[in-house]
$ cat data12.pdb   # PDB, C-alpha atoms
ATOM      1  CA  MET A 225     -69.028  97.281  19.516
ATOM      2  CA  PRO A 226     -69.924  96.469  15.899
ATOM      3  CA  ALA A 227     -67.614  94.334  13.803
ATOM      4  CA  LEU A 228     -67.605  96.864  11.005
ATOM      5  CA  LEU A 229     -68.772 100.431  10.719
ATOM      6  CA  LYS A 230     -72.177 100.715   9.059
ATOM      7  CA  ASN A 231     -74.162 103.941   8.926
ATOM      8  CA  SER A 232     -73.277 104.630  12.544
ATOM      9  CA  THR A 233     -74.383 107.919  14.082
ATOM     10  CA  THR A 234     -72.633 107.310  17.397
ATOM     11  CA  VAL A 235     -69.273 105.807  16.418
ATOM     12  CA  SER A 236     -66.973 107.574  13.982
ATOM     13  CA  TRP A 237     -64.539 105.711  11.783
ATOM     14  CA  GLU A 238     -61.682 107.183  13.845
ATOM     15  CA  GLN A 239     -63.202 105.826  17.056
ATOM     16  CA  LEU A 240     -63.687 102.417  15.495
ATOM     17  CA  LEU A 241     -60.035 102.252  14.426
ATOM     18  CA  ASP A 242     -58.975 103.355  17.911
ATOM     19  CA  HIS A 243     -61.119 100.639  19.484
ATOM     20  CA  HIS A 244     -59.754  98.061  17.058
ATOM     21  CA  GLU A 245     -56.196  99.060  17.957
ATOM     22  CA  TYR A 246     -57.028  98.810  21.660
ATOM     23  CA  GLN A 247     -58.495  95.319  21.197
ATOM     24  CA  SER A 248     -55.477  94.304  19.096
ATOM     25  CA  ILE A 249     -52.954  95.385  21.738
ATOM     26  CA  ARG A 250     -55.072  93.765  24.435
ATOM     27  CA  ALA A 251     -55.230  90.473  22.514
ATOM     28  CA  VAL A 252     -51.473  90.376  22.009
ATOM     29  CA  SER A 253     -50.902  91.111  25.707
ATOM     30  CA  THR A 254     -53.492  88.679  27.113
ATOM     31  CA  LYS A 255     -53.278  86.011  24.375
ATOM     32  CA  ASP A 256     -57.058  86.135  24.034
ATOM     33  CA  PHE A 257     -57.954  86.637  20.355
ATOM     34  CA  SER A 258     -61.617  85.634  20.520
ATOM     35  CA  PHE A 259     -62.699  89.200  19.690
ATOM     36  CA  PHE A 260     -61.194  88.856  16.205
ATOM     37  CA  THR A 261     -62.419  85.321  15.586
ATOM     38  CA  ASN A 262     -65.936  86.633  16.157
ATOM     39  CA  LEU A 263     -65.374  89.597  13.829
ATOM     40  CA  ILE A 264     -64.240  87.337  10.982
ATOM     41  CA  ALA A 265     -67.332  85.168  11.416
ATOM     42  CA  GLN A 266     -69.561  88.255  11.355
ATOM     43  CA  ARG A 267     -67.807  89.561   8.260
ATOM     44  CA  PHE A 268     -68.455  86.343   6.353
ATOM     45  CA  HIS A 269     -72.118  86.438   7.344
ATOM     46  CA  SER A 270     -72.558  90.119   6.389
ATOM     47  CA  GLY A 271     -71.866  89.509   2.695
ATOM     48  CA  GLU A 272     -70.949  93.192   2.221
ATOM     49  CA  ASN A 273     -68.244  94.182  -0.253
ATOM     50  CA  HIS A 274     -66.672  97.282   1.253
ATOM     51  CA  LYS A 275     -63.840  97.312  -1.274
ATOM     52  CA  ALA A 276     -66.273  97.473  -4.167
ATOM     53  CA  THR A 277     -68.043 100.378  -2.448
ATOM     54  CA  LEU A 278     -64.747 102.184  -1.881
ATOM     55  CA  ARG A 279     -63.618 101.571  -5.427
ATOM     56  CA  SER A 280     -66.873 102.988  -6.775
ATOM     57  CA  LEU A 281     -66.562 106.106  -4.627
ATOM     58  CA  MET A 282     -62.974 106.573  -5.797
ATOM     59  CA  GLY A 283     -63.961 106.568  -9.457
ATOM     60  CA  GLY A 284     -62.882 102.991 -10.136
ATOM     61  CA  GLU A 285     -59.360 103.458  -8.764
ATOM     62  CA  ASP A 286     -57.816 100.725  -6.585
ATOM     63  CA  GLN A 287     -54.840 102.584  -5.103
ATOM     64  CA  VAL A 288     -56.420 103.380  -1.733
ATOM     65  CA  GLY A 289     -57.672  99.843  -1.183
ATOM     66  CA  ASP A 290     -54.293  98.482  -2.247
ATOM     67  CA  ALA A 291     -52.489 100.753   0.226
ATOM     68  CA  LEU A 292     -54.762  99.696   3.101
ATOM     69  CA  ARG A 293     -54.401  96.070   2.094
ATOM     70  CA  GLN A 294     -50.597  96.362   2.129
ATOM     71  CA  LEU A 295     -50.658  97.592   5.724
ATOM     72  CA  ASN A 296     -52.229  94.301   6.744
ATOM     73  CA  VAL A 297     -49.915  92.257   4.546
ATOM     74  CA  ASP A 298     -47.055  93.949   6.404
ATOM     75  CA  LYS A 299     -48.645  92.920   9.722
ATOM     76  CA  CYS A 300     -48.641  89.298   8.603
ATOM     77  CA  GLN A 301     -45.000  89.654   7.604
ATOM     78  CA  THR A 302     -44.235  90.987  11.092
ATOM     79  CA  SER A 303     -45.402  87.681  12.590
ATOM     80  CA  GLN A 304     -42.998  85.874  10.299
ATOM     81  CA  ASP A 305     -40.199  88.296  11.245
ATOM     82  CA  ALA A 306     -40.915  87.689  14.925
ATOM     83  CA  VAL A 307     -40.783  83.900  14.646
ATOM     84  CA  ASP A 308     -37.639  84.194  12.494
ATOM     85  CA  GLN A 309     -35.942  86.134  15.295
ATOM     86  CA  TYR A 310     -37.214  83.706  17.917
ATOM     87  CA  LYS A 311     -35.907  80.677  16.025
ATOM     88  CA  ALA A 312     -32.559  82.371  15.351
ATOM     89  CA  ALA A 313     -32.111  83.061  19.070
ATOM     90  CA  VAL A 314     -32.842  79.423  19.951
ATOM     91  CA  ASP A 315     -30.497  78.185  17.222
ATOM     92  CA  ALA A 316     -27.722  80.444  18.563
ATOM     93  CA  ASN A 317     -27.982  78.781  21.994
ATOM     94  CA  LYS A 318     -28.234  75.149  20.910
ATOM     95  CA  ASP A 319     -24.614  74.306  21.638
ATOM     96  CA  LYS A 320     -24.191  76.311  24.851
ATOM     97  CA  ASN A 321     -25.366  73.618  27.288
ATOM     98  CA  LEU A 322     -27.750  76.029  29.002
ATOM     99  CA  LYS A 323     -29.497  75.032  32.209
ATOM    100  CA  LYS A 324     -33.263  74.822  32.504
ATOM    101  CA  GLU A 325     -33.604  78.230  34.137
ATOM    102  CA  ASP A 326     -31.331  79.784  31.489
ATOM    103  CA  TRP A 327     -33.466  78.406  28.674
ATOM    104  CA  GLU A 328     -36.629  79.649  30.362
ATOM    105  CA  ALA A 329     -35.111  83.121  30.716
ATOM    106  CA  GLN A 330     -34.074  83.072  27.046
ATOM    107  CA  LEU A 331     -37.550  82.049  25.877
ATOM    108  CA  ASP A 332     -39.244  84.646  28.087
ATOM    109  CA  GLU A 333     -36.956  87.311  26.640
ATOM    110  CA  GLN A 334     -37.658  86.269  23.044
ATOM    111  CA  GLU A 335     -41.401  86.153  23.685
ATOM    112  CA  GLU A 336     -41.329  89.699  25.037
ATOM    113  CA  LYS A 337     -39.360  90.845  21.992
ATOM    114  CA  ALA A 338     -41.963  89.268  19.706
ATOM    115  CA  VAL A 339     -44.830  90.911  21.595
ATOM    116  CA  THR A 340     -43.088  94.297  21.434
ATOM    117  CA  LEU A 341     -42.488  93.946  17.707
ATOM    118  CA  VAL A 342     -46.153  93.123  17.091
ATOM    119  CA  ARG A 343     -47.429  95.957  19.291
ATOM    120  CA  GLU A 344     -45.263  98.481  17.467
ATOM    121  CA  LYS A 345     -46.464  97.236  14.087
ATOM    122  CA  ILE A 346     -50.127  97.440  15.138
ATOM    123  CA  HIS A 347     -49.700 101.015  16.375
ATOM    124  CA  LYS A 348     -47.782 102.123  13.285
ATOM    125  CA  ALA A 349     -50.244 100.491  10.882
ATOM    126  CA  THR A 350     -53.227 102.095  12.612
ATOM    127  CA  ALA A 351     -51.619 105.534  12.454
ATOM    128  CA  THR A 352     -50.851 105.115   8.755
ATOM    129  CA  ALA A 353     -54.367 103.859   8.033
ATOM    130  CA  LYS A 354     -55.820 106.918   9.760
ATOM    131  CA  SER A 355     -53.646 109.278   7.721
ATOM    132  CA  THR A 356     -54.583 107.506   4.493
ATOM    133  CA  ILE A 357     -58.304 107.544   5.263
ATOM    134  CA  GLU A 358     -58.307 111.143   6.522
ATOM    135  CA  ALA A 359     -57.037 112.302   3.121
ATOM    136  CA  LEU A 360     -60.066 110.773   1.336
ATOM    137  CA  PRO A 361     -63.349 112.501   0.511
ATOM    138  CA  GLU A 362     -65.687 112.288   3.507
ATOM    139  CA  GLU A 363     -68.072 109.825   1.859
ATOM    140  CA  ALA A 364     -65.207 107.383   1.197
ATOM    141  CA  ARG A 365     -63.812 107.311   4.729
ATOM    142  CA  GLU A 366     -66.311 104.901   6.264
ATOM    143  CA  PRO A 367     -65.935 102.158   3.595
ATOM    144  CA  ALA A 368     -62.165 102.705   3.609
ATOM    145  CA  ALA A 369     -62.081 102.107   7.369
ATOM    146  CA  ASN A 370     -64.038  98.887   6.887
ATOM    147  CA  VAL A 371     -61.660  97.768   4.125
ATOM    148  CA  TYR A 372     -58.737  98.214   6.502
ATOM    149  CA  LEU A 373     -60.492  96.412   9.351
ATOM    150  CA  GLU A 374     -61.392  93.383   7.210
ATOM    151  CA  GLY A 375     -57.740  92.747   6.435
ATOM    152  CA  SER A 376     -56.674  93.626   9.969
ATOM    153  CA  ASN A 377     -58.902  90.908  11.400
ATOM    154  CA  LEU A 378     -57.090  88.335   9.262
ATOM    155  CA  ALA A 379     -53.699  89.685  10.302
ATOM    156  CA  MET A 380     -54.736  89.322  13.937
ATOM    157  CA  GLN A 381     -55.378  85.619  13.350
ATOM    158  CA  VAL A 382     -51.720  85.296  12.331
ATOM    159  CA  PHE A 383     -50.683  87.092  15.524
ATOM    160  CA  ASN A 384     -52.882  84.561  17.334
ATOM    161  CA  THR A 385     -50.970  81.684  15.750
ATOM    162  CA  LEU A 386     -47.657  83.332  16.654
ATOM    163  CA  SER A 387     -48.759  83.770  20.262
ATOM    164  CA  ASP A 388     -49.976  80.168  20.536
ATOM    165  CA  GLN A 389     -46.833  78.656  19.055
ATOM    166  CA  ILE A 390     -44.397  80.711  21.113
ATOM    167  CA  GLY A 391     -46.445  80.060  24.242
ATOM    168  CA  GLN A 392     -46.199  76.304  23.705
ATOM    169  CA  LEU A 393     -42.401  76.344  23.393
ATOM    170  CA  ILE A 394     -41.845  77.266  27.027
ATOM    171  CA  GLY A 395     -43.083  73.759  27.805
ATOM    172  CA  LYS A 396     -40.430  72.220  25.545
ATOM    173  CA  VAL A 397     -37.413  73.207  27.649
ATOM    174  CA  VAL A 398     -36.962  69.587  28.743
ATOM    175  CA  ASP A 399     -36.535  68.664  25.064
ATOM    176  CA  PHE A 400     -34.011  71.473  24.613
ATOM    177  CA  LEU A 401     -31.928  70.071  27.482
ATOM    178  CA  LYS A 402     -31.830  66.784  25.557
ATOM    179  CA  GLY A 403     -30.748  68.529  22.370
ATOM    180  CA  ILE A 404     -34.163  68.070  20.720
ATOM    181  CA  PHE A 405     -35.327  71.210  18.893
ATOM    182  CA  THR A 406     -37.903  69.862  16.449
ATOM    183  CA  SER A 407     -40.672  71.772  18.241
ATOM    184  CA  VAL A 408     -39.027  75.080  17.288
ATOM    185  CA  THR A 409     -38.969  74.158  13.614
ATOM    186  CA  LYS A 410     -42.581  73.006  13.809
ATOM    187  CA  ALA A 411     -43.635  76.278  15.439
ATOM    188  CA  TRP A 412     -41.729  78.264  12.806
ATOM    189  CA  ASN A 413     -43.411  76.335   9.975
ATOM    190  CA  THR A 414     -46.851  76.815  11.536
ATOM    191  CA  VAL A 415     -46.467  80.596  11.838
ATOM    192  CA  VAL A 416     -44.981  80.983   8.364
ATOM    193  CA  ASP A 417     -47.796  78.913   6.838
ATOM    194  CA  ALA A 418     -50.384  81.008   8.698
ATOM    195  CA  ALA A 419     -48.774  84.226   7.480
ATOM    196  CA  HIS A 420     -48.671  83.029   3.866
ATOM    197  CA  SER A 421     -52.302  81.876   4.010
ATOM    198  CA  ALA A 422     -53.497  85.178   5.449
ATOM    199  CA  ILE A 423     -51.503  87.190   2.911
ATOM    200  CA  SER A 424     -53.017  85.141   0.097
ATOM    201  CA  ALA A 425     -56.485  85.705   1.559
ATOM    202  CA  ILE A 426     -55.908  89.449   1.883
ATOM    203  CA  LYS A 427     -54.546  89.707  -1.652
ATOM    204  CA  GLY A 428     -56.954  87.261  -3.263
ATOM    205  CA  LEU A 429     -60.223  87.059  -1.376
ATOM    206  CA  PHE A 430     -60.507  90.801  -0.889
ATOM    207  CA  SER A 431     -58.913  92.020  -4.099
ATOM    208  CA  TYR A 432     -60.837  94.165  -6.553
ATOM    209  CA  THR A 433     -59.488  92.770  -9.754
ATOM    210  CA  SER A 434     -60.812  89.755 -11.620
ATOM    211  CA  HIS A 435     -58.777  88.757 -14.606
ATOM    212  CA  GLY A 436     -57.952  85.769 -16.746
ATOM    213  CA  GLY A 437     -56.233  85.073 -20.024
ATOM    214  CA  ASP A 438     -54.081  87.585 -21.858
ATOM    215  CA  GLY A 439     -56.870  89.901 -22.985
ATOM    216  CA  THR A 440     -56.554  88.837 -26.613
ATOM    217  CA  GLY A 441     -59.025  85.990 -26.539
ATOM    218  CA  ALA A 442     -56.210  83.483 -27.024
ATOM    219  CA  ASN A 443     -56.849  81.958 -23.595
ATOM    220  CA  VAL A 444     -60.217  80.729 -22.376
ATOM    221  CA  VAL A 445     -61.329  81.944 -18.973
ATOM    222  CA  TYR A 446     -62.843  79.199 -16.827
ATOM    223  CA  LYS A 447     -65.237  80.072 -14.024
ATOM    224  CA  TYR A 448     -66.164  77.686 -11.232
ATOM    225  CA  VAL A 449     -68.358  77.749  -8.127
ATOM    226  CA  GLY A 450     -66.928  75.427  -5.503
ATOM    227  CA  LYS A 451     -68.908  74.317  -2.475
ATOM    228  CA  LEU A 452     -67.312  72.928   0.653
ATOM    229  CA  ASN A 453     -69.022  72.094   3.946
ATOM    230  CA  TRP A 454     -68.174  71.089   7.506
ATOM    231  CA  PRO A 455     -70.430  69.520  10.165
ATOM    232  CA  ALA A 456     -71.706  72.035  12.720
ATOM    233  CA  THR A 457     -69.821  70.058  15.377
ATOM    234  CA  VAL A 458     -66.590  71.396  13.878
ATOM    235  CA  ALA A 459     -65.367  74.725  15.279
ATOM    236  CA  PHE A 460     -66.157  77.673  13.014
ATOM    237  CA  ALA A 461     -62.477  78.657  13.162
ATOM    238  CA  THR A 462     -61.553  75.235  11.749
ATOM    239  CA  ALA A 463     -63.853  75.764   8.774
ATOM    240  CA  THR A 464     -62.536  79.257   8.045
ATOM    241  CA  ALA A 465     -58.944  78.030   8.373
ATOM    242  CA  GLY A 466     -59.680  75.264   5.875
ATOM    243  CA  LEU A 467     -61.313  77.727   3.523
ATOM    244  CA  THR A 468     -58.289  80.020   3.774
ATOM    245  CA  ALA A 469     -56.006  77.101   2.894
ATOM    246  CA  VAL A 470     -58.131  76.312  -0.174
ATOM    247  CA  THR A 471     -58.038  79.989  -1.180
ATOM    248  CA  THR A 472     -54.255  80.003  -0.838
ATOM    249  CA  TYR A 473     -53.921  76.943  -3.067
ATOM    250  CA  LEU A 474     -56.194  78.439  -5.726
ATOM    251  CA  THR A 475     -54.466  81.828  -5.828
ATOM    252  CA  ASN A 476     -51.025  80.198  -5.878
ATOM    253  CA  LYS A 477     -52.160  78.319  -9.000
ATOM    254  CA  GLY A 478     -53.204  81.535 -10.698
ATOM    255  CA  ALA A 479     -56.922  81.601  -9.914
ATOM    256  CA  THR A 480     -58.718  84.853  -9.123
ATOM    257  CA  ILE A 481     -61.263  84.727  -6.319
ATOM    258  CA  GLU A 482     -64.455  86.567  -7.247
ATOM    259  CA  SER A 483     -66.544  85.944  -4.143
ATOM    260  CA  GLN A 484     -66.710  83.770  -1.066
ATOM    261  CA  THR A 485     -69.404  83.126   1.515
ATOM    262  CA  VAL A 486     -69.653  81.204   4.776
ATOM    263  CA  GLU A 487     -73.009  80.331   6.312
ATOM    264  CA  THR A 488     -74.196  78.193   9.203
ATOM    265  CA  HIS A 489     -77.316  76.159   8.403
ATOM    266  CA  MET A 490     -79.357  75.312  11.480
ATOM    267  CA  GLY A 491     -82.091  73.080  10.000
ATOM    268  CA  ASP A 492     -82.551  69.347  10.512
ATOM    269  CA  LYS A 493     -78.972  68.848   9.383
ATOM    270  CA  LYS A 494     -76.726  71.479  10.935
ATOM    271  CA  PHE A 495     -73.584  72.310   8.970
ATOM    272  CA  ILE A 496     -71.214  75.092   7.951
ATOM    273  CA  SER A 497     -71.599  75.840   4.243
ATOM    274  CA  THR A 498     -69.030  77.708   2.116
ATOM    275  CA  THR A 499     -69.155  78.805  -1.517
ATOM    276  CA  THR A 500     -66.143  80.022  -3.494
ATOM    277  CA  THR A 501     -66.452  81.511  -6.974
ATOM    278  CA  PHE A 502     -63.217  81.881  -8.913
ATOM    279  CA  LYS A 503     -61.823  82.341 -12.415
ATOM    280  CA  LEU A 504     -58.907  80.570 -14.035
ATOM    281  CA  GLY A 505     -57.218  82.115 -17.061
ATOM    282  CA  ALA A 506     -55.499  78.936 -18.193
ATOM    283  CA  PRO A 507     -55.296  75.312 -17.030
ATOM    284  CA  LYS A 508     -52.810  74.933 -14.167
ATOM    285  CA  LEU A 509     -53.146  71.165 -13.758
ATOM    286  CA  PRO A 510     -53.316  68.337 -16.309
ATOM    287  CA  HIS A 511     -56.886  67.540 -17.293
ATOM    288  CA  ALA A 512     -58.612  65.303 -19.774
ATOM    289  CA  SER A 513     -60.393  66.623 -22.815
ATOM    290  CA  GLY A 514     -63.911  67.763 -21.955
ATOM    291  CA  VAL A 515     -63.074  68.165 -18.254
ATOM    292  CA  ASP A 516     -63.308  71.612 -16.672
ATOM    293  CA  PRO A 517     -59.756  72.504 -15.520
ATOM    294  CA  ALA A 518     -61.197  74.874 -12.915
ATOM    295  CA  GLU A 519     -63.041  71.942 -11.351
ATOM    296  CA  VAL A 520     -59.829  69.919 -11.423
ATOM    297  CA  LEU A 521     -58.064  72.744  -9.618
ATOM    298  CA  TRP A 522     -60.860  73.014  -7.026
ATOM    299  CA  LEU A 523     -60.742  69.300  -6.234
ATOM    300  CA  ALA A 524     -56.953  69.424  -5.988
ATOM    301  CA  ALA A 525     -57.197  72.322  -3.517
ATOM    302  CA  VAL A 526     -59.724  70.487  -1.348
ATOM    303  CA  ASN A 527     -57.645  67.306  -1.455
ATOM    304  CA  GLU A 528     -54.759  69.225   0.141
ATOM    305  CA  LEU A 529     -56.775  69.748   3.332
ATOM    306  CA  ASP A 530     -56.179  67.679   6.435
ATOM    307  CA  ASN A 531     -58.910  65.320   7.622
ATOM    308  CA  ASP A 532     -60.955  67.972   9.449
ATOM    309  CA  SER A 533     -64.372  66.439   8.572
ATOM    310  CA  HIS A 534     -64.881  68.685   5.523
ATOM    311  CA  PHE A 535     -67.001  67.356   2.668
ATOM    312  CA  ILE A 536     -68.111  68.463  -0.786
ATOM    313  CA  PRO A 537     -71.927  68.466  -0.905
ATOM    314  CA  PRO A 538     -73.642  66.530  -3.713
ATOM    315  CA  VAL A 539     -74.655  68.501  -6.787
ATOM    316  CA  VAL A 540     -78.342  69.306  -6.800
ATOM    317  CA  LYS A 541     -80.148  69.137 -10.145
ATOM    318  CA  ASN A 542     -83.870  69.879 -10.454
ATOM    319  CA  GLY A 543     -84.196  69.644  -6.715
ATOM    320  CA  VAL A 544     -82.665  66.130  -6.589
ATOM    321  CA  SER A 545     -79.170  65.497  -5.253
TER
END

$ encode --input "data12.pdb" --output "structure tokens"
Amino acid sequence: MPALLKNSTTVSWEQLLDHHEYQSIRAVSTKDFSFFTNLIAQRFHSGENHKATLRSLMGGEDQVGDALRQLNVDKCQTSQDAVDQYKAAVDANKDKNLKKEDWEAQLDEQEEKAVTLVREKIHKATATAKSTIEALPEEAREPAANVYLEGSNLAMQVFNTLSDQIGQLIGKVVDFLKGIFTSVTKAWNTVVDAAHSAISAIKGLFSYTSHGGDGTGANVVYKYVGKLNWPATVAFATATAGLTAVTTYLTNKGATIESQTVETHMGDKKFISTTTTFKLGAPKLPHASGVDPAEVLWLAAVNELDNDSHFIPPVVKNGVS
């Protein structure tokens, strides 16, 4: 099954959305999200801009893309809602001196509630996406379906994080019996951070609009192309997670992402290469005179990353690095 619909004569956009929903429900039920990790990797390699295509077909209007994007933002929010409910249930039982089997029953119940909440959101979002796309001119339906699926793949990564974190807590019952609940707070923070990062990526990386300044010429617009690499020994998911974190930092500081690419180089030196092009309407960090504030912002974003083996490649001038 293709990652995205492209000039297919055998698979309709409706069938692709149905298959995507099936895989989504299956992933939530089995806790196997590899299908979506692969789709995100393929999307980065494809380099296609389905939103730009959709926008062109819709006469330059963004409303349809925005509506499809919001469906996936809402999915990310559902993960946060689920972990909020999970944490609240644990907090409510902290002082009840529950036995081991009681805690296990409580955690199993909360996990099932989270899974049910996510399943319902996936089904509802798919139905709404279908209705939205069906109302479009025929030529716009295929790119619209791909726009929805791009964001949906990111939302599924948040569901993956939710599933992983909740699954790990069942092994922390011994800590709960000792009155130690730090693992719950850590899990909550992890899911919330993942949701915020994905929402920023959906709103920033895949948004149509590039803007900077106030439109009067009073503010200079800075443009920067940032390159960030990882050794090929690092998992592709680690690289994309790091790139998402950088994107989140940039958009939170007011930058507008214009384009982003991820490639795997398989020459003598194997590595994962990423390029991010963004605009900055006004300096968001202190910078010295003559220093590009967009570059300052890029370096600050990269410096926020954990030590995951990432590195900024040397600048190449006239073929010499």

$ closest_residue --input "data12.pdb" --among "A:Asp308, A:Glu328, A:Val520, A:Gln247" --to "Leu401 (chain A)" --atoms "only C-alpha atoms"
A:Glu328

$ atom_distance --input "data12.pdb" --atom1 "CA of Ala316 (chain A)" --atom2 "CA of Phe400 (chain A)"
12.5 Å

$ resolve_selection --input "data12.pdb" --expression "the PyMOL selection byres ((chain A and resi 495-505) around 7)" --output "ChimeraX atom specification"
/A:436-437,443-456,478-490,493-494,506,518

$ residues_around --input "data12.pdb" --residues "Arg365 (chain A)" --least-positions-apart "3" --cutoff "10 Å" --atoms "only C-alpha atoms" --output "short mmCIF file (atom, residue, chain, number, x, y, z; two decimals) with C-alpha atoms, keeping the file's coordinate frame"
data_model
loop_
_atom_site.label_atom_id
_atom_site.label_comp_id
_atom_site.auth_asym_id
_atom_site.auth_seq_id
_atom_site.Cartn_x
_atom_site.Cartn_y
_atom_site.Cartn_z
CA SER A 236 -66.97 107.57 13.98
CA TRP A 237 -64.54 105.71 11.78
CA GLU A 238 -61.68 107.18 13.84
CA LEU A 278 -64.75 102.18 -1.88
CA LEU A 281 -66.56 106.11 -4.63
CA LYS A 354 -55.82 106.92 9.76
CA THR A 356 -54.58 107.51 4.49
CA ILE A 357 -58.30 107.54 5.26
CA GLU A 358 -58.31 111.14 6.52
CA ALA A 359 -57.04 112.30 3.12
CA LEU A 360 -60.07 110.77 1.34
CA PRO A 361 -63.35 112.50 0.51
CA GLU A 362 -65.69 112.29 3.51
CA ALA A 368 -62.16 102.70 3.61
CA ALA A 369 -62.08 102.11 7.37
CA ASN A 370 -64.04 98.89 6.89
CA VAL A 371 -61.66 97.77 4.12
#

$ atom_distance --input "data12.pdb" --atom1 "CA of Thr457 (chain A)" --atom2 "CA of Leu529 (chain A)"
17.8 Å

$ residues_around --input "data12.pdb" --residues "Asn317 (chain A)" --least-positions-apart "4" --cutoff "12 Å" --atoms "all atoms listed in the file" --output "number ranges by chain"
A: 310-313, 321-323, 326-327, 330-331, 400-401, 403, 405

$ atom_distance --input "data12.pdb" --atom1 "CA of Ser387 (chain A)" --atom2 "CA of Lys255 (chain A)"
6.5 Å

$ closest_residue --input "data12.pdb" --among "A:Ser303, A:Thr472, A:Asn296, A:Thr352" --to "Val252 (chain A)" --atoms "only C-alpha atoms"
A:Ser303

$ closest_atom_pairs --input "data12.pdb" --of "region 379-485 of chain A" --to "region 333-340 of chain A" --cutoff "9 Å" --atoms "only C-alpha atoms" --output "tab-separated table"
residue	atom	partner	partner_atom	distance
A:Leu386	CA	A:Ala338	CA	8.8
A:Ser387	CA	A:Val339	CA	8.3
A:Ile390	CA	A:Glu335	CA	6.7
A:Gly391	CA	A:Glu335	CA	7.9

$ resolve_selection --input "data12.pdb" --expression "the PyMOL selection byres ((chain A and resi 298) around 12)" --output "PyMOL selection string"
chain A and resi 291-297+299-305+342+345-346+348-350+375-376+378-380+382-383+419-420+422-423+426-427

$ closest_residue --input "data12.pdb" --among "A:Val398, A:Thr471, A:Asp388, A:Asp286" --to "Thr254 (chain A)" --atoms "all atoms listed in the file"
A:Asp388

$ closest_residue --input "data12.pdb" --among "A:Asn476, A:Ser248, A:Ser280, A:Asn273" --to "His347 (chain A)" --atoms "all atoms listed in the file"
A:Ser248

$ closest_residue --input "data12.pdb" --among "A:Ala418, A:Leu241, A:Val307, A:Ala329" --to "Ala351 (chain A)" --atoms "only C-alpha atoms"
A:Leu241

$ closest_residue --input "data12.pdb" --among "A:Ile394, A:Ala276, A:Val288, A:Ala469" --to "Val526 (chain A)" --atoms "all atoms listed in the file"
A:Ala469

$ residues_around --input "data12.pdb" --residues "Leu523 (chain A)" --least-positions-apart "4" --cutoff "10 Å" --atoms "all atoms listed in the file" --output "list in words"
Gly450, Val470, Pro517, Ala518, Glu519, Asn527, Glu528 and Ile536 of chain A
